[in-house]
>>> print(open('protein31.pdb').read())   # PDB, C-alpha atoms
ATOM      1  CA  MET S 247      12.117 100.228  43.877
ATOM      2  CA  ALA S 248      14.688  97.981  42.185
ATOM      3  CA  ASN S 249      13.783  94.304  41.844
ATOM      4  CA  ASN S 250      16.495  93.282  44.368
ATOM      5  CA  GLU S 251      14.910  95.604  46.981
ATOM      6  CA  LEU S 252      11.487  93.945  46.683
ATOM      7  CA  SER S 253      10.259  91.334  49.124
ATOM      8  CA  THR S 254      10.332  87.740  47.891
ATOM      9  CA  GLU S 255       6.547  87.772  47.555
ATOM     10  CA  ALA S 256       6.655  90.990  45.492
ATOM     11  CA  LYS S 257       9.450  89.599  43.278
ATOM     12  CA  ILE S 258       7.367  86.496  42.575
ATOM     13  CA  LEU S 259       4.251  88.538  41.812
ATOM     14  CA  ASP S 260       6.203  90.894  39.551
ATOM     15  CA  ALA S 261       7.754  87.957  37.683
ATOM     16  CA  ALA S 262       4.399  86.157  37.422
ATOM     17  CA  ASP S 263       2.768  89.270  36.009
ATOM     18  CA  SER S 264       5.331  89.632  33.232
ATOM     19  CA  ILE S 265       5.420  85.894  32.400
ATOM     20  CA  PHE S 266       1.615  85.500  32.383
ATOM     21  CA  LEU S 267       1.346  88.679  30.301
ATOM     22  CA  LEU S 268       3.694  87.187  27.709
ATOM     23  CA  PHE S 269       2.572  83.553  27.669
ATOM     24  CA  GLY S 270      -0.871  83.383  29.302
ATOM     25  CA  TYR S 271      -1.878  80.830  31.901
ATOM     26  CA  HIS S 272      -1.327  77.707  29.809
ATOM     27  CA  GLY S 273       2.035  78.845  28.433
ATOM     28  CA  THR S 274       3.461  79.736  31.837
ATOM     29  CA  THR S 275       5.215  77.399  34.236
ATOM     30  CA  LEU S 276       6.093  77.901  37.877
ATOM     31  CA  HIS S 277       9.703  77.250  36.895
ATOM     32  CA  GLN S 278       9.625  80.243  34.509
ATOM     33  CA  ILE S 279       8.203  82.455  37.246
ATOM     34  CA  ALA S 280      10.725  81.215  39.810
ATOM     35  CA  THR S 281      13.652  81.746  37.428
ATOM     36  CA  LYS S 282      12.578  85.301  36.585
ATOM     37  CA  ALA S 283      11.985  86.089  40.280
ATOM     38  CA  GLY S 284      15.316  84.562  41.316
ATOM     39  CA  VAL S 285      13.694  82.114  43.720
ATOM     40  CA  ASN S 286      12.893  78.407  43.755
ATOM     41  CA  THR S 287       9.428  76.999  43.088
ATOM     42  CA  ALA S 288       9.043  76.149  46.785
ATOM     43  CA  ALA S 289       8.935  79.892  47.493
ATOM     44  CA  ILE S 290       6.043  80.263  45.051
ATOM     45  CA  HIS S 291       4.166  77.460  46.806
ATOM     46  CA  TYR S 292       4.926  79.039  50.188
ATOM     47  CA  TYR S 293       3.572  82.461  49.266
ATOM     48  CA  PHE S 294       0.828  81.577  46.781
ATOM     49  CA  ARG S 295       0.131  77.835  47.228
ATOM     50  CA  SER S 296      -0.459  77.175  43.504
ATOM     51  CA  LYS S 297      -0.185  78.456  39.957
ATOM     52  CA  GLU S 298      -3.953  79.035  39.999
ATOM     53  CA  ASN S 299      -3.730  81.317  43.051
ATOM     54  CA  ILE S 300      -0.923  83.459  41.666
ATOM     55  CA  TYR S 301      -2.714  83.615  38.313
ATOM     56  CA  ALA S 302      -5.922  84.804  40.002
ATOM     57  CA  LEU S 303      -3.983  87.574  41.731
ATOM     58  CA  VAL S 304      -2.227  88.611  38.503
ATOM     59  CA  LEU S 305      -5.551  88.609  36.642
ATOM     60  CA  LYS S 306      -7.207  90.658  39.400
ATOM     61  CA  ASN S 307      -4.334  93.185  39.371
ATOM     62  CA  ASN S 308      -4.498  93.521  35.588
ATOM     63  CA  LEU S 309      -8.294  93.874  35.633
ATOM     64  CA  SER S 310      -7.930  96.586  38.289
ATOM     65  CA  LEU S 311      -5.353  98.434  36.173
ATOM     66  CA  LEU S 312      -7.596  98.215  33.124
ATOM     67  CA  SER S 313     -10.625  99.388  35.089
ATOM     68  CA  GLU S 314      -8.632 102.312  36.496
ATOM     69  CA  PHE S 315      -7.424 103.160  33.004
ATOM     70  CA  LEU S 316     -10.924 102.975  31.507
ATOM     71  CA  ASN S 317     -12.274 105.229  34.256
ATOM     72  CA  THR S 318     -10.204 108.067  32.752
ATOM     73  CA  LYS S 319     -12.207 107.801  29.519
ATOM     74  CA  GLU S 320     -13.733 111.293  29.658
ATOM     75  CA  TYR S 321     -11.060 112.412  27.233
ATOM     76  CA  TRP S 322     -10.966 109.262  25.055
ATOM     77  CA  PRO S 323     -13.169 110.227  22.095
ATOM     78  CA  ASN S 324     -10.592 112.614  20.618
ATOM     79  CA  HIS S 325      -7.467 111.101  22.082
ATOM     80  CA  GLU S 326      -4.771 109.799  19.736
ATOM     81  CA  PHE S 327      -3.142 106.588  20.883
ATOM     82  CA  LYS S 328       0.640 106.803  21.059
ATOM     83  CA  SER S 329       2.915 104.111  22.435
ATOM     84  CA  SER S 330       4.752 106.486  24.769
ATOM     85  CA  PHE S 331       1.426 107.491  26.317
ATOM     86  CA  PHE S 332       0.476 103.897  27.096
ATOM     87  CA  ARG S 333       3.857 103.043  28.550
ATOM     88  CA  ALA S 334       3.591 106.036  30.880
ATOM     89  CA  ILE S 335       0.076 105.309  32.172
ATOM     90  CA  ASN S 336       0.956 102.995  35.063
ATOM     91  CA  LYS S 337       4.711 103.050  35.530
ATOM     92  CA  ASN S 338       5.984 100.207  33.332
ATOM     93  CA  ILE S 339       2.593  98.789  32.367
ATOM     94  CA  ASN S 340       1.748  99.020  28.701
ATOM     95  CA  ILE S 341      -2.037  99.162  28.815
ATOM     96  CA  ALA S 342      -2.412  97.804  25.278
ATOM     97  CA  TYR S 343      -0.639  94.603  26.354
ATOM     98  CA  ASN S 344      -2.821  94.512  29.449
ATOM     99  CA  VAL S 345      -5.968  94.577  27.297
ATOM    100  CA  TRP S 346      -4.570  91.938  24.968
ATOM    101  CA  PHE S 347      -3.730  89.666  27.936
ATOM    102  CA  ILE S 348      -7.192  89.972  29.475
ATOM    103  CA  VAL S 349      -9.131  89.495  26.248
ATOM    104  CA  ASN S 350      -6.932  86.577  25.186
ATOM    105  CA  GLU S 351      -7.181  84.880  28.586
ATOM    106  CA  ILE S 352     -10.965  85.177  28.580
ATOM    107  CA  LYS S 353     -10.995  83.491  25.175
ATOM    108  CA  VAL S 354      -8.296  80.832  25.691
ATOM    109  CA  ASN S 355      -8.704  80.143  29.393
ATOM    110  CA  ASN S 356     -12.472  80.440  29.543
ATOM    111  CA  LEU S 357     -13.182  77.596  31.999
ATOM    112  CA  GLN S 358     -10.772  78.899  34.614
ATOM    113  CA  ILE S 359     -11.919  82.502  34.139
ATOM    114  CA  ASN S 360     -15.553  81.399  34.543
ATOM    115  CA  GLU S 361     -14.628  79.584  37.753
ATOM    116  CA  LEU S 362     -12.862  82.694  39.054
ATOM    117  CA  ILE S 363     -15.905  84.810  38.171
ATOM    118  CA  LYS S 364     -18.065  82.431  40.224
ATOM    119  CA  THR S 365     -15.733  82.248  43.224
ATOM    120  CA  ASP S 366     -14.058  85.666  43.433
ATOM    121  CA  GLU S 367     -16.418  88.611  43.930
ATOM    122  CA  GLU S 368     -13.747  91.180  43.081
ATOM    123  CA  ILE S 369     -12.880  89.543  39.741
ATOM    124  CA  ASN S 370     -16.588  89.136  38.993
ATOM    125  CA  GLY S 371     -17.237  92.810  39.690
ATOM    126  CA  LEU S 372     -14.246  93.982  37.649
ATOM    127  CA  ILE S 373     -15.151  91.865  34.622
ATOM    128  CA  ASN S 374     -18.778  92.971  34.767
ATOM    129  CA  SER S 375     -17.885  96.648  35.082
ATOM    130  CA  ILE S 376     -15.364  96.447  32.226
ATOM    131  CA  PHE S 377     -17.179  94.237  29.717
ATOM    132  CA  ASN S 378     -20.785  95.305  30.291
ATOM    133  CA  ASN S 379     -20.057  98.830  29.117
ATOM    134  CA  SER S 380     -20.158  99.513  25.369
ATOM    135  CA  SER S 381     -17.830 102.524  25.558
ATOM    136  CA  ASN S 382     -15.237 100.396  27.384
ATOM    137  CA  LEU S 383     -15.472  97.800  24.618
ATOM    138  CA  LYS S 384     -14.926 100.500  21.984
ATOM    139  CA  ILE S 385     -11.842 101.760  23.825
ATOM    140  CA  MET S 386     -10.453  98.225  24.146
ATOM    141  CA  LYS S 387     -11.099  97.627  20.446
ATOM    142  CA  ARG S 388      -9.111 100.789  19.656
ATOM    143  CA  LEU S 389      -6.318  99.656  21.990
ATOM    144  CA  ILE S 390      -6.066  96.242  20.330
ATOM    145  CA  THR S 391      -6.145  97.848  16.871
ATOM    146  CA  PHE S 392      -3.417 100.220  18.012
ATOM    147  CA  GLN S 393      -1.308  97.325  19.270
ATOM    148  CA  PHE S 394      -1.690  95.388  16.008
ATOM    149  CA  THR S 395      -0.694  98.500  14.064
ATOM    150  CA  GLU S 396       2.397  98.918  16.259
ATOM    151  CA  ILE S 397       3.374  95.265  15.726
ATOM    152  CA  ILE S 398       2.864  95.441  11.950
ATOM    153  CA  ASN S 399       4.806  98.714  11.692
ATOM    154  CA  GLN S 400       7.672  97.240  13.710
ATOM    155  CA  ASP S 401       7.718  94.094  11.546
ATOM    156  CA  LEU S 402       7.734  96.185   8.355
ATOM    157  CA  LYS S 403      10.549  98.328   9.729
ATOM    158  CA  ASN S 404      12.568  95.239  10.704
ATOM    159  CA  ASN S 405      12.009  93.651   7.284
ATOM    160  CA  LEU S 406      13.128  96.815   5.490
ATOM    161  CA  MET S 407      16.240  97.072   7.638
ATOM    162  CA  HIS S 408      17.004  93.404   7.040
ATOM    163  CA  LYS S 409      16.662  93.816   3.254
ATOM    164  CA  CYS S 410      18.993  96.819   3.313
ATOM    165  CA  GLU S 411      21.771  94.883   5.024
TER     166      GLU S 411
END
>>> encode(input="protein31.pdb", output="structure tokens")
Amino acid sequence: MANNELSTEAKILDAADSIFLLFGYHGTTLHQIATKAGVNTAAIHYYFRSKENIYALVLKNNLSLLSEFLNTKEYWPNHEFKSSFFRAINKNINIAYNVWFIVNEIKVNNLQINELIKTDEEINGLINSIFNNSSNLKIMKRLITFQFTEIINQDLKNNLMHKCE
């Protein structure tokens, strides 16, 4: 469905997901979300009441995606990570960025995450099922390593192209 065919609530959630994924909770403003969604901040307050509420929903959705992804791990031990594979997993979701977002938010936004773990049973269950499993942690480590490698390779490629100009 094209963005202009989505409901206002879905547009806001879609925009919030991409903005939070890029900038995390502390680097995201409601104005950024509203601008990307093509709405005003009053619409965000109407549908979600606060930045904290929309963040909790985005976090829960991303934890669910990661959990779903990790549940396919039967074939992980010999699987080669390739960027096209990750981009195809869940439509436009790049699972490596999803992992990076979650791990970074747990580190940087620890107080709020801890509060969500205490007050939201679904988030609590997702975090426990993901992070209390050593094979999941190994997969996430590989995903983060893969993402760093992709970033470094892209930077090297850009630097070489810049030097050749």
>>> resolve_selection(input="protein31.pdb", expression="the PyMOL selection byres ((chain S and resi 282) around 12)", output="PyMOL selection string")
chain S and resi 249-250+254+257-266+274-281+283-287+290
>>> residues_around(input="protein31.pdb", residues="S:Ile352", least_positions_apart="4", cutoff="12 Å", atoms="all atoms listed in the file", output="list of chain:residue names")
S:Gly270, S:Tyr271, S:Leu305, S:Leu309, S:Val345, S:Trp346, S:Phe347, S:Ile348, S:Asn356, S:Leu357, S:Gln358, S:Ile359, S:Asn360, S:Glu361, S:Leu362, S:Ile363, S:Ile373, S:Phe377
>>> closest_residue(input="protein31.pdb", among="S:Lys409, S:Asp366, S:Asn344, S:Leu372", to="S:Met386", atoms="only C-alpha atoms")
S:Asn344
>>> closest_residue(input="protein31.pdb", among="S:Glu314, S:Asp401, S:Glu255, S:Glu367", to="S:Phe294", atoms="only C-alpha atoms")
S:Glu255
>>> atom_distance(input="protein31.pdb", atom1="atom CA of S:Asn370", atom2="atom CA of S:His291")
25.1 Å
>>> atom_distance(input="protein31.pdb", atom1="atom CA of S:Phe394", atom2="atom CA of S:Ala302")
26.6 Å
>>> closest_residue(input="protein31.pdb", among="S:Tyr292, S:Tyr343, S:Phe392, S:Phe269", to="S:Asn308", atoms="all atoms listed in the file")
S:Tyr343
>>> closest_residue(input="protein31.pdb", among="S:Leu268, S:Leu406, S:Ala256, S:Ile385", to="S:Ile300", atoms="all atoms listed in the file")
S:Ala256
>>> atom_distance(input="protein31.pdb", atom1="atom CA of S:Ser375", atom2="atom CA of S:Leu311")
12.7 Å
>>> closest_residue(input="protein31.pdb", among="S:Leu383, S:Leu267, S:Ala342, S:Val354", to="S:Thr395", atoms="all atoms listed in the file")
S:Ala342
>>> closest_residue(input="protein31.pdb", among="S:Arg388, S:Asn379, S:His272, S:Ala288", to="S:Ser313", atoms="only C-alpha atoms")
S:Asn379
